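Student: Structure provided below as structure tokens; questions to follow.
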Amino acid sequence: REDLRPGWGFSALVDLSDIRFLFDTGADGETLLANMEKLAIDPHTISTVVLSHPHGDHTGGLSSLLGINPHLHIYLGRSFPRRFKQDVTRLGATVTEVSGPEHLFGPVYSTGELGRGIKEQSVVIADKAGVTVITGCAHPGVVAIAEAASRQMNRPIELLLGGFHLGGTPEGKVREIIASLKELSVNRVGPGHCTGDRAIAFFHEVYGDNFVPLGVGRKINI
């Protein structure tokens with residue numbers, strides 16, 4: 001959508017039949033709320049936010065969203081800073097800490113916090129359409145996330161999308177990662193955010209028609 005504001009950050013609205021939730025909130029509230037307004041998304045219709053990890057380009061819009069709708073249920077990693085959790089609670093939200101893989105609500109699951117350095121959770125949606133995995137920045141490694149989600153659901157992944165954290169990664173390594181995802185039977189991919197333009201081009205080359213382009217305002221029907 002050319003009329004929307006781009007920015008370095010990530011936020012995805014997941015619209016299920018009975019619940020709307022945000023996975024991450026982008027880098028700043030002004031951009032998030034402006035884009036939501038142009039997309040005719042009422043912040044009051046969102047009940048839940050799932051945060052992948054505490055970096056500002058994924059959590060920066062949260063306080064502005066809570067200023068409009070303070071009664072959100074927020075799922076975040078247990079490793080999030082204590083101050084962050086306290087601030088969110090003071091703004092009126094309910095916080096649930098996630099550590100290991102678990103069911104969150106409806107058809108939505110968390111991989112649990114993965115990684116040894118920057119810990120991060122990804123969202124897994126498992127229904128009759130298949131298994132969809134959304135990553136924030138994939139700091140633990142996109143292959144490790146795909147392996148964990150596939151093992152958790154005991155099903156192959158139909159669609160893997162989000163930030164794959166491959167900007168600046170050498171071509172050979174990117175192609176190894178793509179081959180590993182193919183071996184895991186990841187059917188479709190939508191790399192964006194921190195994946196890097198060159199890596200995205202390699203994914204497009206290999207996956208062809210099963211490549212899903214991402215961008216601000218992109219709507220994907222599953």
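Identifiers in the structure tokens: chain A, B, ... in order shown; residue index from 1 per chain; ligand index from 1 in order shown.
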Region 78-141 of chain A near region 180-194 of chain A within 9 Å: what's each residue's closest atom pair and its distance in Å to one decimal, counting only C-alpha atoms, ordered by chain then ascending residue number, as a Markdown table?
Tutor:
```
| residue | atom | partner | partner_atom | distance |
| --- | --- | --- | --- | --- |
| A:Gly136 | CA | A:His193 | CA | 8.5 |
| A:Cys137 | CA | A:Cys194 | CA | 6.5 |
| A:Ala138 | CA | A:Cys194 | CA | 8.8 |
```
Student: Write out, as a short mmCIF file (atom, residue, chain, number, x, y, z; two decimals), in the first residue's frame, the residues just selected, with C-alpha atoms.
Tutor:
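File produced: selection.cif:
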```cif
data_model
loop_
_atom_site.label_atom_id
_atom_site.label_comp_id
_atom_site.auth_asym_id
_atom_site.auth_seq_id
_atom_site.Cartn_x
_atom_site.Cartn_y
_atom_site.Cartn_z
CA GLY A 136 9.83 -11.60 14.51
CA CYS A 137 13.56 -11.40 13.75
CA ALA A 138 14.61 -15.07 13.88
#
```
Student: Taking 4 positions as the minimum chain separation for residues in the same chain, which residues sit within 6 Å of Glu120 (chain A) when counting only C-alpha atoms? Answer as a list in words.
Tutor: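 The residues satisfying every condition are Ser52, His53, Glu113 and Leu114 of chain A.
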Student: Please return as a PyMOL selection string: the residues of region 6-47 of chain A that backbone DSSP assigns to strand (DSSP E or B).
Tutor: chain A and resi 12-15+20-23
Student: Write out as a PyMOL selection string the residues lying within 9 Å of Val108 (chain A), counting only C-alpha atoms and excluding same-chain residues fewer than 5 positions away.
Tutor: chain A and resi 103+123-127
Student: Can you work out which one of A:Ala129, A:Leu76, A:Leu22, A:Leu32 has the shortest atom-to-atom distance to Gly9 (chain A), counting only C-alpha atoms?
Tutor: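 Nearest candidate to Gly9 (chain A) out of A:Ala129, A:Leu76, A:Leu22, A:Leu32: A:Leu32.
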Student: So, with only C-alpha atoms as the atoms that count, which of A:Arg175, A:His44, A:Arg78, A:His204 lies closest to Gly100 (chain A)?
Tutor: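 For Gly100 (chain A), the nearest of the given residues is A:Arg78.
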Student: Point out the residue among A:Gln121, A:Asp209, A:Ala34, A:Leu13 with the least atom-to-atom distance to Asn221 (chain A), counting only C-alpha atoms.
Tutor: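 With only C-alpha atoms as the atom set, the closest residue is A:Leu13.
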Student: Distance CA of Leu91 (chain A)-CA of His73 (chain A), one decimal place?
Tutor: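 Between these atoms lies a distance of 11.7 Å.
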